[in-house]
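Peer 1: Sharing a structure here in structure tokens format.
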Amino acid sequence: MNELLVFIQSLPEALKTGFIYSIMVMGVYITYKILDFPDLSVEGAFPMGGFIFAAFALSKNGFFGITNPIMGLILATIGGMFAGYVTGALHVYLNIEGLLSGIIVMTGLYSINSRIIGVSNTFIPPERSIYEIVSYNKNFVVFSIIFIILLILKGFYDYKIKENKYVIRCMIVYMGLVFILIFYVFFTKDIKLMLTVLIVFILKMILDYILTSKFGFALRALGNNEQLVVSLGVNEKRLKIFGLMLSNGFVSLSGALFAQSIKVADLQLGVGAIVIGLAAIILGLGIIKKSQAVNEVSIVILGSLLYYSIINIALLSNNWTTNLYDVLGLNDNMKNILQIKPTDVKIITAIILTGILWNEILKKVTKGKKKAKLIQRERGM
């Protein structure tokens, strides 16, 4: 019972981390699912966002006298977009393979990030953090009104691009989630979670708009069939670079928010970021089936939340697993070896990812066998 209580109490923080990482996941989604580009530069772009924001926060005058944290987030996004541009330029102009381009940029960013403020890690002053300047009394009503306005805008836009019954279903889902959030914040005063969700919601709407525009359709076509895009006279090189800039901009912004959340910018923040991004995408698309009510962008955001909830459960399961080891009769040495520690996050991620991918392969094999049997029946074999 105590473990369950601890899990429930830690859930809001896990969800907040999941929402922050969901911005990075949206960036990885652009390269992995839309562009079909193996972009490893995100492992450098993620901590770069944190370091650029830290440099802005540590500067006495901010950026040309502007000290609002929003400016720091904009600068971090621009830095990430520049990293994406370099990755794209290496690939399309120097003909270096996508995977190697990403590795080169990721390697170079490690040194660049350490140069931004001259140290490998630093604290972020609270007076410049976007999470520290908001308060329930000052911002709750304003954030609630912004959410309602965004819902109305989303409803009009969705109705414009798909006039069917699923628009109403989609709006009911989002309205329900927003009102749950408003009630939760009203009772807990957790304005930081509300701010994070608001930022993610705005970015999701921006990405939805981009992906349903002509540019977005061209981007999707580029990932599916590059030759077709070239034959239509579209500059595929420029399009690919724009896609990588957009992706790394999201990743770097996520890194800036994460650094403010933990109050530290560190060179190691990006280690495993690409695996987390892929795990969240595969988890979302593999478990939460594509529906007409929510689109893939929403599903990968949910995948990020689901991923961090599972990680949270795993890290809090030490007492449960200890009881299990007692039942199994393991000695103290084995218990110590098998004890789940915070550093086990990576191996838990690897196991989750392996399980999902294995499940997807089994589904494809089963589907292939059913199809083969159907063909045999039709041929009378």
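Starting from 1 in every chain, residues are counted up; chains themselves are A, B, ... following the order of the structure tokens, and ligands are numbered from 1 as listed.
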As a ChimeraX atom specification, please: the residues near region 110-121 of chain A (cut-off 12 Å, only C-alpha atoms, same-chain neighbours under 6 positions excluded).

Peer 2: /A:41-59,76,79-80,83,103-104,252,259,263-271

Peer 1: Next, dump the selected residues to file, keeping only N, CA, C and O atoms, as a compact mmCIF listing (two decimals), in the first residue's frame.

Peer 2:
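result-v9.txt, freshly written:
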```txt
# COMPACT_ATOMS: atom_id res chain seq x y z
N SER A 41 22.07 13.40 -34.26
CA SER A 41 22.52 14.70 -33.74
C SER A 41 21.65 15.18 -32.58
O SER A 41 22.03 16.10 -31.87
N VAL A 42 20.49 14.55 -32.38
CA VAL A 42 19.61 14.96 -31.28
C VAL A 42 20.30 14.76 -29.93
O VAL A 42 20.02 15.48 -28.96
N GLU A 43 21.24 13.81 -29.85
CA GLU A 43 21.95 13.58 -28.58
C GLU A 43 22.85 14.76 -28.22
O GLU A 43 23.21 14.93 -27.06
N GLY A 44 23.22 15.55 -29.22
CA GLY A 44 23.99 16.76 -28.94
C GLY A 44 23.10 17.98 -28.86
O GLY A 44 23.37 18.92 -28.09
N ALA A 45 22.00 17.98 -29.63
CA ALA A 45 21.09 19.14 -29.65
C ALA A 45 20.33 19.27 -28.32
O ALA A 45 20.01 20.38 -27.89
N PHE A 46 20.03 18.13 -27.70
CA PHE A 46 19.26 18.18 -26.44
C PHE A 46 20.03 18.92 -25.33
O PHE A 46 19.50 19.89 -24.77
N PRO A 47 21.28 18.50 -25.00
CA PRO A 47 22.01 19.28 -23.98
C PRO A 47 22.37 20.69 -24.45
O PRO A 47 22.51 21.59 -23.63
N MET A 48 22.50 20.87 -25.79
CA MET A 48 22.83 22.21 -26.28
C MET A 48 21.74 23.21 -25.90
O MET A 48 22.03 24.36 -25.54
N GLY A 49 20.49 22.75 -25.96
CA GLY A 49 19.39 23.63 -25.54
C GLY A 49 19.56 24.07 -24.09
O GLY A 49 19.36 25.24 -23.75
N GLY A 50 19.96 23.11 -23.24
CA GLY A 50 20.17 23.43 -21.83
C GLY A 50 21.32 24.41 -21.64
O GLY A 50 21.23 25.34 -20.84
N PHE A 51 22.41 24.22 -22.38
CA PHE A 51 23.57 25.11 -22.22
C PHE A 51 23.30 26.50 -22.78
O PHE A 51 23.75 27.49 -22.20
N ILE A 52 22.60 26.58 -23.91
CA ILE A 52 22.29 27.92 -24.45
C ILE A 52 21.40 28.67 -23.46
O ILE A 52 21.60 29.86 -23.19
N PHE A 53 20.42 27.96 -22.89
CA PHE A 53 19.56 28.63 -21.92
C PHE A 53 20.35 29.03 -20.68
O PHE A 53 20.15 30.11 -20.11
N ALA A 54 21.28 28.16 -20.25
CA ALA A 54 22.10 28.47 -19.07
C ALA A 54 22.96 29.71 -19.33
O ALA A 54 23.10 30.57 -18.45
N ALA A 55 23.53 29.80 -20.55
CA ALA A 55 24.34 30.98 -20.90
C ALA A 55 23.49 32.24 -20.86
O ALA A 55 23.92 33.29 -20.36
N PHE A 56 22.25 32.14 -21.35
CA PHE A 56 21.33 33.28 -21.32
C PHE A 56 20.98 33.64 -19.86
O PHE A 56 20.97 34.81 -19.48
N ALA A 57 20.73 32.60 -19.06
CA ALA A 57 20.31 32.84 -17.67
C ALA A 57 21.45 33.42 -16.82
O ALA A 57 21.21 34.21 -15.91
N LEU A 58 22.68 33.02 -17.13
CA LEU A 58 23.83 33.50 -16.35
C LEU A 58 24.29 34.89 -16.78
O LEU A 58 25.06 35.54 -16.07
N SER A 59 23.83 35.32 -17.96
CA SER A 59 24.19 36.65 -18.44
C SER A 59 23.42 37.72 -17.67
O SER A 59 22.20 37.63 -17.53
N ALA A 76 17.55 28.89 -27.58
CA ALA A 76 17.85 27.45 -27.56
C ALA A 76 17.29 26.78 -28.80
O ALA A 76 17.93 25.91 -29.40
N GLY A 79 19.43 27.61 -31.77
CA GLY A 79 20.67 26.82 -31.71
C GLY A 79 20.45 25.40 -32.21
O GLY A 79 21.26 24.86 -32.98
N GLY A 80 19.34 24.79 -31.80
CA GLY A 80 19.02 23.43 -32.27
C GLY A 80 18.78 23.40 -33.76
O GLY A 80 19.20 22.45 -34.46
N ALA A 83 22.02 23.33 -35.54
CA ALA A 83 22.61 21.98 -35.51
C ALA A 83 21.95 21.10 -36.58
O ALA A 83 22.62 20.33 -37.27
N ILE A 103 26.10 11.47 -36.47
CA ILE A 103 27.17 11.13 -35.52
C ILE A 103 28.23 12.23 -35.48
O ILE A 103 28.72 12.61 -34.41
N ILE A 104 28.57 12.76 -36.67
CA ILE A 104 29.58 13.83 -36.73
C ILE A 104 29.11 15.06 -35.96
O ILE A 104 29.84 15.64 -35.15
N SER A 252 16.12 20.75 -29.06
CA SER A 252 16.88 21.71 -28.26
C SER A 252 15.98 22.46 -27.28
O SER A 252 16.36 22.72 -26.13
N ALA A 259 16.49 21.22 -18.58
CA ALA A 259 17.54 21.79 -17.74
C ALA A 259 16.94 22.72 -16.68
O ALA A 259 17.39 22.74 -15.53
N LYS A 263 17.09 22.22 -12.90
CA LYS A 263 17.91 23.37 -12.47
C LYS A 263 19.39 23.21 -12.79
O LYS A 263 20.24 23.86 -12.18
N VAL A 264 19.72 22.31 -13.71
CA VAL A 264 21.12 22.05 -14.06
C VAL A 264 21.24 21.80 -15.57
O VAL A 264 20.41 21.11 -16.15
N ALA A 265 22.28 22.38 -16.16
CA ALA A 265 22.64 22.03 -17.55
C ALA A 265 23.90 21.19 -17.47
O ALA A 265 24.88 21.60 -16.83
N ASP A 266 23.87 20.02 -18.11
CA ASP A 266 24.99 19.08 -17.99
C ASP A 266 25.26 18.44 -19.35
O ASP A 266 24.34 18.20 -20.12
N LEU A 267 26.55 18.16 -19.60
CA LEU A 267 26.92 17.55 -20.88
C LEU A 267 26.29 16.18 -21.08
O LEU A 267 26.08 15.73 -22.20
N GLN A 268 25.98 15.50 -19.99
CA GLN A 268 25.46 14.13 -20.08
C GLN A 268 23.94 14.08 -20.29
O GLN A 268 23.38 12.99 -20.37
N LEU A 269 23.28 15.24 -20.37
CA LEU A 269 21.82 15.25 -20.49
C LEU A 269 21.33 14.51 -21.74
O LEU A 269 20.25 13.94 -21.75
N GLY A 270 22.15 14.57 -22.80
CA GLY A 270 21.68 14.00 -24.07
C GLY A 270 21.98 12.53 -24.25
O GLY A 270 21.55 11.93 -25.25
N VAL A 271 22.71 11.91 -23.30
CA VAL A 271 23.07 10.50 -23.46
C VAL A 271 21.81 9.63 -23.46
O VAL A 271 21.03 9.64 -22.51
```

Peer 1: Return as CSV the residues of region 227-267 of chain A lying at most 12 Å from region 88-98 of chain A, together with the closest atom-to-atom pair for each and the distance in Å to one decimal, counting only C-alpha atoms, with rows in chain order and ascending residue number.

Peer 2:
```
residue,atom,partner,partner_atom,distance
A:Asn235,CA,A:Val92,CA,11.0
A:Glu236,CA,A:Val92,CA,9.0
A:Lys237,CA,A:Val92,CA,5.7
A:Arg238,CA,A:Val92,CA,8.5
A:Leu239,CA,A:Gly88,CA,9.6
A:Lys240,CA,A:Gly88,CA,6.7
A:Ile241,CA,A:Gly88,CA,4.6
A:Phe242,CA,A:Gly88,CA,8.2
A:Gly243,CA,A:Gly88,CA,8.7
A:Leu244,CA,A:Gly88,CA,6.3
A:Met245,CA,A:Gly88,CA,8.0
A:Leu246,CA,A:Gly88,CA,11.2
A:Ser247,CA,A:Gly88,CA,11.1
A:Asn248,CA,A:Gly88,CA,10.7
```

Peer 1: With only C-alpha atoms as the counted atoms, please give the residues lying no more than 7 Å from Ile299 (chain A), apart from itself and same-chain residues fewer than 6 positions off, as a VMD selection string.

Peer 2: chain A and resid 284 to 285 288

Peer 1: Would you mind exporting N, CA and C atoms of the selected residues as an mmCIF file, in the first residue's frame?

Peer 2:
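selection39.cif, written as the output of this step:
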```
data_model
loop_
_atom_site.group_PDB
_atom_site.id
_atom_site.type_symbol
_atom_site.label_atom_id
_atom_site.label_comp_id
_atom_site.auth_asym_id
_atom_site.auth_seq_id
_atom_site.Cartn_x
_atom_site.Cartn_y
_atom_site.Cartn_z
ATOM 1 N N GLY A 284 4.229 4.352 -28.193
ATOM 2 C CA GLY A 284 2.962 5.016 -28.503
ATOM 3 C C GLY A 284 2.263 4.397 -29.691
ATOM 4 N N LEU A 285 3.003 4.250 -30.792
ATOM 5 C CA LEU A 285 2.384 3.728 -32.017
ATOM 6 C C LEU A 285 2.110 2.232 -31.927
ATOM 7 N N ILE A 288 -0.712 2.236 -28.302
ATOM 8 C CA ILE A 288 -1.894 3.083 -28.527
ATOM 9 C C ILE A 288 -2.152 3.093 -30.026
#
```

Peer 1: Which residues are close to Leu232 (chain A), i.e. within 12 Å by only C-alpha atoms, leaving aside same-chain residues fewer than 4 positions away? Reply as a PyMOL selection string.

Peer 2: chain A and resi 218+221-222+225-228+236
